[in-house]
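> Pasting target-v1.cif here (mmCIF, C-alpha atoms):
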data_input
#
loop_
_atom_site.group_PDB
_atom_site.id
_atom_site.type_symbol
_atom_site.label_atom_id
_atom_site.label_comp_id
_atom_site.auth_asym_id
_atom_site.auth_seq_id
_atom_site.Cartn_x
_atom_site.Cartn_y
_atom_site.Cartn_z
ATOM 1 C CA MET A 1 23.569 -64.837 55.996
ATOM 2 C CA LYS A 2 21.620 -67.056 58.427
ATOM 3 C CA LYS A 3 18.541 -66.763 56.254
ATOM 4 C CA LEU A 4 20.469 -67.842 53.142
ATOM 5 C CA ALA A 5 21.945 -70.829 54.991
ATOM 6 C CA LEU A 6 18.500 -71.915 56.238
ATOM 7 C CA VAL A 7 16.998 -71.614 52.747
ATOM 8 C CA THR A 8 19.895 -73.614 51.281
ATOM 9 C CA ILE A 9 19.515 -76.350 53.903
ATOM 10 C CA ALA A 10 15.746 -76.476 53.352
ATOM 11 C CA LEU A 11 16.194 -76.804 49.572
ATOM 12 C CA LEU A 12 18.782 -79.566 50.045
ATOM 13 C CA LEU A 13 16.447 -81.483 52.363
ATOM 14 C CA ILE A 14 13.547 -81.165 49.923
ATOM 15 C CA GLY A 15 15.813 -82.329 47.078
ATOM 16 C CA CYS A 16 16.974 -85.341 49.096
ATOM 17 C CA VAL A 17 13.401 -86.329 49.933
ATOM 18 C CA LEU A 18 12.292 -86.045 46.292
ATOM 19 C CA VAL A 19 15.239 -88.111 45.044
ATOM 20 C CA SER A 20 14.834 -90.841 47.666
ATOM 21 C CA CYS A 21 11.074 -91.216 47.084
ATOM 22 C CA GLY A 22 11.563 -92.765 43.668
ATOM 23 C CA GLU A 23 14.424 -95.063 44.657
ATOM 24 C CA VAL A 24 13.682 -98.778 44.639
ATOM 25 C CA VAL A 25 15.844 -100.663 47.149
ATOM 26 C CA PRO A 26 16.002 -104.326 48.195
ATOM 27 C CA ARG A 27 13.504 -105.164 50.934
ATOM 28 C CA ASN A 28 13.123 -108.300 53.055
ATOM 29 C CA PHE A 29 9.613 -109.590 53.635
ATOM 30 C CA ILE A 30 9.086 -112.114 56.446
ATOM 31 C CA GLN A 31 6.044 -114.359 56.429
ATOM 32 C CA GLY A 32 5.520 -117.386 58.679
ATOM 33 C CA GLY A 33 9.193 -118.323 59.010
ATOM 34 C CA MET A 34 10.049 -117.546 55.377
ATOM 35 C CA THR A 35 12.048 -114.506 54.290
ATOM 36 C CA ILE A 36 12.191 -113.306 50.701
ATOM 37 C CA THR A 37 14.124 -110.344 49.347
ATOM 38 C CA LEU A 38 12.136 -108.429 46.746
ATOM 39 C CA ASP A 39 12.289 -104.648 46.469
ATOM 40 C CA SER A 40 10.541 -101.650 47.952
ATOM 41 C CA SER A 41 8.035 -101.462 45.081
ATOM 42 C CA PHE A 42 6.262 -104.555 46.475
ATOM 43 C CA ILE A 43 3.418 -104.445 48.991
ATOM 44 C CA ARG A 44 2.084 -107.357 51.048
ATOM 45 C CA ASN A 45 -1.485 -108.664 50.970
ATOM 46 C CA THR A 46 -2.258 -111.425 53.479
ATOM 47 C CA ASN A 47 -5.925 -111.711 52.519
ATOM 48 C CA VAL A 48 -5.590 -113.774 49.335
ATOM 49 C CA LYS A 49 -7.902 -116.731 48.787
ATOM 50 C CA GLY A 50 -5.944 -119.961 48.376
ATOM 51 C CA TYR A 51 -2.537 -118.530 49.391
ATOM 52 C CA SER A 52 -0.715 -117.672 52.612
ATOM 53 C CA THR A 53 0.165 -114.230 51.267
ATOM 54 C CA GLU A 54 1.006 -112.294 48.133
ATOM 55 C CA PHE A 55 3.453 -109.519 47.322
ATOM 56 C CA ARG A 56 2.397 -107.237 44.501
ATOM 57 C CA SER A 57 4.143 -104.557 42.438
ATOM 58 C CA SER A 58 3.788 -103.159 38.930
ATOM 59 C CA LYS A 59 6.542 -105.619 37.854
ATOM 60 C CA ALA A 60 5.149 -108.895 39.158
ATOM 61 C CA THR A 61 3.003 -110.624 41.744
ATOM 62 C CA VAL A 62 4.486 -113.206 44.101
ATOM 63 C CA TYR A 63 2.080 -115.765 45.578
ATOM 64 C CA VAL A 64 3.194 -117.791 48.608
ATOM 65 C CA LEU A 65 1.580 -121.036 49.743
ATOM 66 C CA ARG A 66 2.735 -123.071 52.742
ATOM 67 C CA GLU A 67 1.403 -126.632 52.837
ATOM 68 C CA TRP A 68 1.946 -128.217 56.259
ATOM 69 C CA PHE A 69 2.889 -131.855 56.661
ATOM 70 C CA GLY A 70 0.022 -133.940 58.003
ATOM 71 C CA LEU A 71 -2.634 -132.162 55.979
ATOM 72 C CA SER A 72 -4.589 -133.989 53.318
ATOM 73 C CA THR A 73 -4.093 -132.793 49.779
ATOM 74 C CA GLN A 74 -6.844 -130.804 48.128
ATOM 75 C CA ASP A 75 -8.197 -133.851 46.309
ATOM 76 C CA GLU A 76 -7.718 -135.921 49.511
ATOM 77 C CA SER A 77 -5.824 -138.590 47.531
ATOM 78 C CA PHE A 78 -3.016 -138.592 50.112
ATOM 79 C CA THR A 79 -1.502 -136.687 53.023
ATOM 80 C CA LEU A 80 1.636 -134.572 52.716
ATOM 81 C CA THR A 81 4.367 -136.030 54.935
ATOM 82 C CA SER A 82 7.936 -135.196 55.855
ATOM 83 C CA ASP A 83 8.962 -138.467 54.146
ATOM 84 C CA MET A 84 7.959 -137.084 50.745
ATOM 85 C CA THR A 85 10.804 -135.746 48.632
ATOM 86 C CA LEU A 86 10.650 -132.384 46.943
ATOM 87 C CA GLY A 87 10.447 -134.272 43.625
ATOM 88 C CA GLN A 88 7.408 -136.236 44.815
ATOM 89 C CA TYR A 89 5.719 -133.034 45.943
ATOM 90 C CA ALA A 90 6.514 -131.403 42.586
ATOM 91 C CA GLY A 91 4.982 -134.423 40.820
ATOM 92 C CA TYR A 92 1.831 -134.055 42.923
ATOM 93 C CA VAL A 93 1.585 -130.299 42.136
ATOM 94 C CA LEU A 94 1.995 -130.891 38.392
ATOM 95 C CA LYS A 95 -0.512 -133.762 38.364
ATOM 96 C CA ALA A 96 -3.065 -131.823 40.439
ATOM 97 C CA ASN A 97 -2.889 -129.012 37.889
ATOM 98 C CA GLY A 98 -2.994 -131.257 34.808
ATOM 99 C CA MET A 99 0.569 -130.374 33.835
ATOM 100 C CA GLU A 100 2.351 -133.752 34.096
ATOM 101 C CA ASP A 101 4.349 -133.049 30.901
ATOM 102 C CA THR A 102 5.784 -129.774 32.269
ATOM 103 C CA GLU A 103 9.561 -129.739 32.691
ATOM 104 C CA LEU A 104 10.970 -129.444 36.227
ATOM 105 C CA THR A 105 14.313 -127.695 36.746
ATOM 106 C CA GLU A 106 16.461 -127.967 39.862
ATOM 107 C CA ARG A 107 18.193 -124.791 41.024
ATOM 108 C CA GLY A 108 20.128 -124.967 44.276
ATOM 109 C CA ARG A 109 17.753 -125.924 47.053
ATOM 110 C CA HIS A 110 14.518 -125.640 45.097
ATOM 111 C CA VAL A 111 12.883 -126.933 41.922
ATOM 112 C CA PHE A 112 10.820 -124.847 39.558
ATOM 113 C CA PHE A 113 8.613 -125.033 36.501
ATOM 114 C CA VAL A 114 7.261 -122.385 34.155
ATOM 115 C CA TYR A 115 3.899 -122.239 32.434
ATOM 116 C CA GLU A 116 1.667 -119.663 30.770
ATOM 117 C CA ASP A 117 -2.005 -118.916 31.179
ATOM 118 C CA THR A 118 -4.435 -116.223 30.088
ATOM 119 C CA ARG A 119 -6.585 -114.192 32.465
ATOM 120 C CA ASN A 120 -8.775 -111.260 31.471
ATOM 121 C CA ASP A 121 -7.329 -111.392 27.926
ATOM 122 C CA VAL A 122 -3.755 -110.971 29.239
ATOM 123 C CA GLU A 123 -1.168 -113.739 28.863
ATOM 124 C CA TYR A 124 0.857 -114.370 32.031
ATOM 125 C CA THR A 125 3.996 -116.394 32.691
ATOM 126 C CA ASN A 126 4.058 -118.253 36.007
ATOM 127 C CA HIS A 127 7.493 -119.180 37.383
ATOM 128 C CA VAL A 128 6.658 -121.596 40.222
ATOM 129 C CA CYS A 129 9.338 -122.517 42.793
ATOM 130 C CA LEU A 130 8.949 -125.374 45.279
ATOM 131 C CA TYR A 131 10.840 -125.719 48.574
ATOM 132 C CA LYS A 132 10.829 -128.227 51.437
ATOM 133 C CA THR A 133 11.452 -127.410 55.109
ATOM 134 C CA LEU A 134 11.180 -129.511 58.254
ATOM 135 C CA ASP A 135 7.468 -128.796 58.677
ATOM 136 C CA ALA A 136 6.037 -127.989 55.255
ATOM 137 C CA PHE A 137 6.321 -127.663 51.511
ATOM 138 C CA TRP A 138 6.323 -124.140 50.116
ATOM 139 C CA MET A 139 5.138 -123.042 46.690
ATOM 140 C CA ILE A 140 6.217 -119.547 45.644
ATOM 141 C CA SER A 141 4.866 -118.371 42.286
ATOM 142 C CA PHE A 142 6.331 -115.365 40.478
ATOM 143 C CA VAL A 143 3.780 -114.106 37.954
ATOM 144 C CA CYS A 144 4.190 -111.361 35.353
ATOM 145 C CA PRO A 145 2.756 -110.531 31.939
ATOM 146 C CA SER A 146 4.363 -112.849 29.376
ATOM 147 C CA ASP A 147 5.622 -109.953 27.271
ATOM 148 C CA SER A 148 7.865 -108.847 30.190
ATOM 149 C CA TYR A 149 8.960 -112.298 31.415
ATOM 150 C CA GLU A 150 12.265 -112.361 29.493
ATOM 151 C CA GLU A 151 13.345 -109.050 31.025
ATOM 152 C CA ARG A 152 12.194 -110.211 34.509
ATOM 153 C CA LYS A 153 13.828 -113.657 34.325
ATOM 154 C CA LEU A 154 17.077 -112.626 36.083
ATOM 155 C CA GLU A 155 15.174 -110.732 38.758
ATOM 156 C CA ILE A 156 12.928 -113.723 39.368
ATOM 157 C CA ALA A 157 16.009 -115.956 39.687
ATOM 158 C CA GLU A 158 17.437 -113.527 42.291
ATOM 159 C CA TRP A 159 14.146 -113.360 44.175
ATOM 160 C CA SER A 160 13.734 -117.146 44.242
ATOM 161 C CA SER A 161 17.350 -117.625 45.371
ATOM 162 C CA SER A 162 16.872 -115.082 48.165
ATOM 163 C CA VAL A 163 14.262 -117.247 49.932
ATOM 164 C CA VAL A 164 15.431 -118.427 53.354
ATOM 165 C CA PHE A 165 13.572 -120.147 56.134
ATOM 166 C CA SER A 166 13.700 -119.737 59.919
ATOM 167 C CA LYS A 167 16.323 -121.524 62.044
ATOM 168 C CA GLU A 168 13.966 -124.414 62.821
ATOM 169 C CA ALA A 169 13.562 -125.179 59.133
ATOM 170 C CA GLU A 170 17.147 -124.594 57.947
ATOM 171 C CA ALA A 171 18.171 -128.242 58.286
ATOM 172 C CA THR A 172 16.570 -128.999 54.913
ATOM 173 C CA THR A 173 17.628 -125.837 53.090
ATOM 174 C CA ALA A 174 20.994 -124.528 51.984
ATOM 175 C CA PRO A 175 22.132 -121.092 53.166
ATOM 176 C CA VAL A 176 21.741 -118.145 50.824
ATOM 177 C CA THR A 177 24.970 -116.319 50.084
ATOM 178 C CA THR A 178 23.500 -113.370 48.196
ATOM 179 C CA GLU A 179 23.854 -110.203 50.268
ATOM 180 C CA LYS A 180 22.235 -106.921 49.248
ATOM 181 C CA THR A 181 22.365 -103.525 50.896
ATOM 182 C CA PRO A 182 20.564 -101.468 51.952
ATOM 183 C CA VAL A 183 17.817 -103.825 53.061
ATOM 184 C CA VAL A 184 14.608 -102.712 54.711
ATOM 185 C CA THR A 185 13.063 -105.505 56.760
ATOM 186 C CA THR A 186 9.364 -105.840 57.490
ATOM 187 C CA GLU A 187 7.961 -108.618 59.617
ATOM 188 C CA GLU A 188 4.495 -110.066 59.738
ATOM 189 C CA SER A 189 3.378 -113.591 60.580
#
Kindly return the structure encoded in the file as structure tokens.

Amino acid sequence: MKKLALVTIALLLIGCVLVSCGEVVPRNFIQGGMTITLDSSFIRNTNVKGYSTEFRSSKATVYVLREWFGLSTQDESFTLTSDMTLGQYAGYVLKANGMEDTELTERGRHVFFVYEDTRNDVEYTNHVCLYKTLDAFWMISFVCPSDSYEERKLEIAEWSSSVVFSKEAEATTAPVTTEKTPVVTTEES
């Protein structure tokens, strides 16, 4: 009887492990005072040229760029300051990328724009969200193949709305009310 009970318990444990391995659950990623809720299919890469970090999965890639106040812009035409509005920063980003005619949309405490580009013969949609905190502007780009953008649109909206900043930066951002469970938190600065 003991042997049967042990075998049953072992089979149950193996079954639980196999079922939980494929489960994708919400996961908080913390990077330099910013927290974003993606899911457990994403992995972090902090060694990305031109960005603070990236989060990559088979669904999408999320690029994060923090641009500190007091630093000169890439073309050195001016310095980013805390006096700049989010709209002025968005105008600079669009102009710097030759996209002045691109439509900006305001959603809660951030603005975003969407554009497409082709890399390695694959067309991608870039959903770029801009945020302002007390010490920096943040650009968070959600990129996926264009043929899957429509099905990812709601997820991207959830991901971009999940972005929160540390206590020191909260004065310029609204609180996020979306709560998800279970959440696995990883921290890296």
> Looking at A:Ala136, A:Val143, A:Met99, A:Ile156, which one is nearest to A:Arg119, with distances taken over all atoms listed in the file?
A:Val143
> Pick from A:Gly32, A:Ile140, A:Val48, A:Asp135: nearest to A:Gly70, with all atoms listed in the file counted?
A:Asp135
> Build an axis-aligned box that encloses every atom of stretch 53-63 of chain A listed in the file, pad it by 3 Å on each side, and report its centre and edge lengths in Å to one decimal, as AutoDock Vina command-line options.

--center_x 3.4 --center_y -109.5 --center_z 44.6 --size_x 12.4 --size_y 18.6 --size_z 19.4
> Between atom CA of A:Ser57 and atom CA of A:Asn45, what is the distance in Å, rounded to a tenth?
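Here the two named atoms are 11.0 Å from each other.
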> Quick one, how far is atom CA of A:Thr125 from atom CA of A:Glu54?
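Between atom CA of A:Thr125 and atom CA of A:Glu54 the gap is 16.3 Å.
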> Got a sec: who's within 9 Å of stretch 151-155 of chain A, counting all atoms listed in the file, leaving out chain neighbours fewer than 4 positions off, as number ranges by chain?
A: 38, 59-60, 127, 144, 147, 159-160
> Pick the closest to A:Asp121 from A:Asn97, A:Ser146, A:Thr81, A:Thr37: which is it, counting only C-alpha atoms?
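The answer is A:Ser146, which sits nearest to A:Asp121.
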> Could you expand the PyMOL selection byres ((chain A and resi 94) around 12) into the explicit residues it covers here, written as a PyMOL selection string?
chain A and resi 87-93+95-104+112-115+128-130+139
> Would you export the selected residues with C-alpha atoms as an mmCIF file, in the frame of the given file, please?

data_model
loop_
_atom_site.group_PDB
_atom_site.id
_atom_site.type_symbol
_atom_site.label_atom_id
_atom_site.label_comp_id
_atom_site.auth_asym_id
_atom_site.auth_seq_id
_atom_site.Cartn_x
_atom_site.Cartn_y
_atom_site.Cartn_z
ATOM 1 C CA GLY A 87 10.447 -134.272 43.625
ATOM 2 C CA GLN A 88 7.408 -136.236 44.815
ATOM 3 C CA TYR A 89 5.719 -133.034 45.943
ATOM 4 C CA ALA A 90 6.514 -131.403 42.586
ATOM 5 C CA GLY A 91 4.982 -134.423 40.820
ATOM 6 C CA TYR A 92 1.831 -134.055 42.923
ATOM 7 C CA VAL A 93 1.585 -130.299 42.136
ATOM 8 C CA LYS A 95 -0.512 -133.762 38.364
ATOM 9 C CA ALA A 96 -3.065 -131.823 40.439
ATOM 10 C CA ASN A 97 -2.889 -129.012 37.889
ATOM 11 C CA GLY A 98 -2.994 -131.257 34.808
ATOM 12 C CA MET A 99 0.569 -130.374 33.835
ATOM 13 C CA GLU A 100 2.351 -133.752 34.096
ATOM 14 C CA ASP A 101 4.349 -133.049 30.901
ATOM 15 C CA THR A 102 5.784 -129.774 32.269
ATOM 16 C CA GLU A 103 9.561 -129.739 32.691
ATOM 17 C CA LEU A 104 10.970 -129.444 36.227
ATOM 18 C CA PHE A 112 10.820 -124.847 39.558
ATOM 19 C CA PHE A 113 8.613 -125.033 36.501
ATOM 20 C CA VAL A 114 7.261 -122.385 34.155
ATOM 21 C CA TYR A 115 3.899 -122.239 32.434
ATOM 22 C CA VAL A 128 6.658 -121.596 40.222
ATOM 23 C CA CYS A 129 9.338 -122.517 42.793
ATOM 24 C CA LEU A 130 8.949 -125.374 45.279
ATOM 25 C CA MET A 139 5.138 -123.042 46.690
#
> Separation of atom CA of A:Thr46 and atom CA of A:Asn28, in Å?
15.7 Å
> Using all atoms listed in the file, can you tell me which of A:Ser166, A:Thr53, A:Ser82, A:Thr61 comes closest to A:Lys132?
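Among the listed residues, A:Ser82 lies closest to A:Lys132.
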> Return the single residue from A:Trp138, A:Phe29, A:Phe55, A:Tyr131 that is closest to A:Glu67, with distances computed using all atoms listed in the file.
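Checking each candidate against A:Glu67, we get A:Trp138 as the closest.
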> Quick one: of A:Ser41, A:Ser148, A:Ser162, A:Gln31, who's nearest to A:Arg66, counting only C-alpha atoms?
A:Gln31
> Would you mind listing what lies within 8 Å of A:Tyr51 as a tab-separated table (two decimals) with C-alpha atoms, keeping the file's coordinate frame, with only C-alpha atoms counted and same-chain residues fewer than 6 positions away left out?

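Below is the file that was written, result_38.tsv:
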chain	number	residue	atom	x	y	z
A	63	TYR	CA	2.08	-115.76	45.58
A	64	VAL	CA	3.19	-117.79	48.61
A	65	LEU	CA	1.58	-121.04	49.74
A	66	ARG	CA	2.74	-123.07	52.74
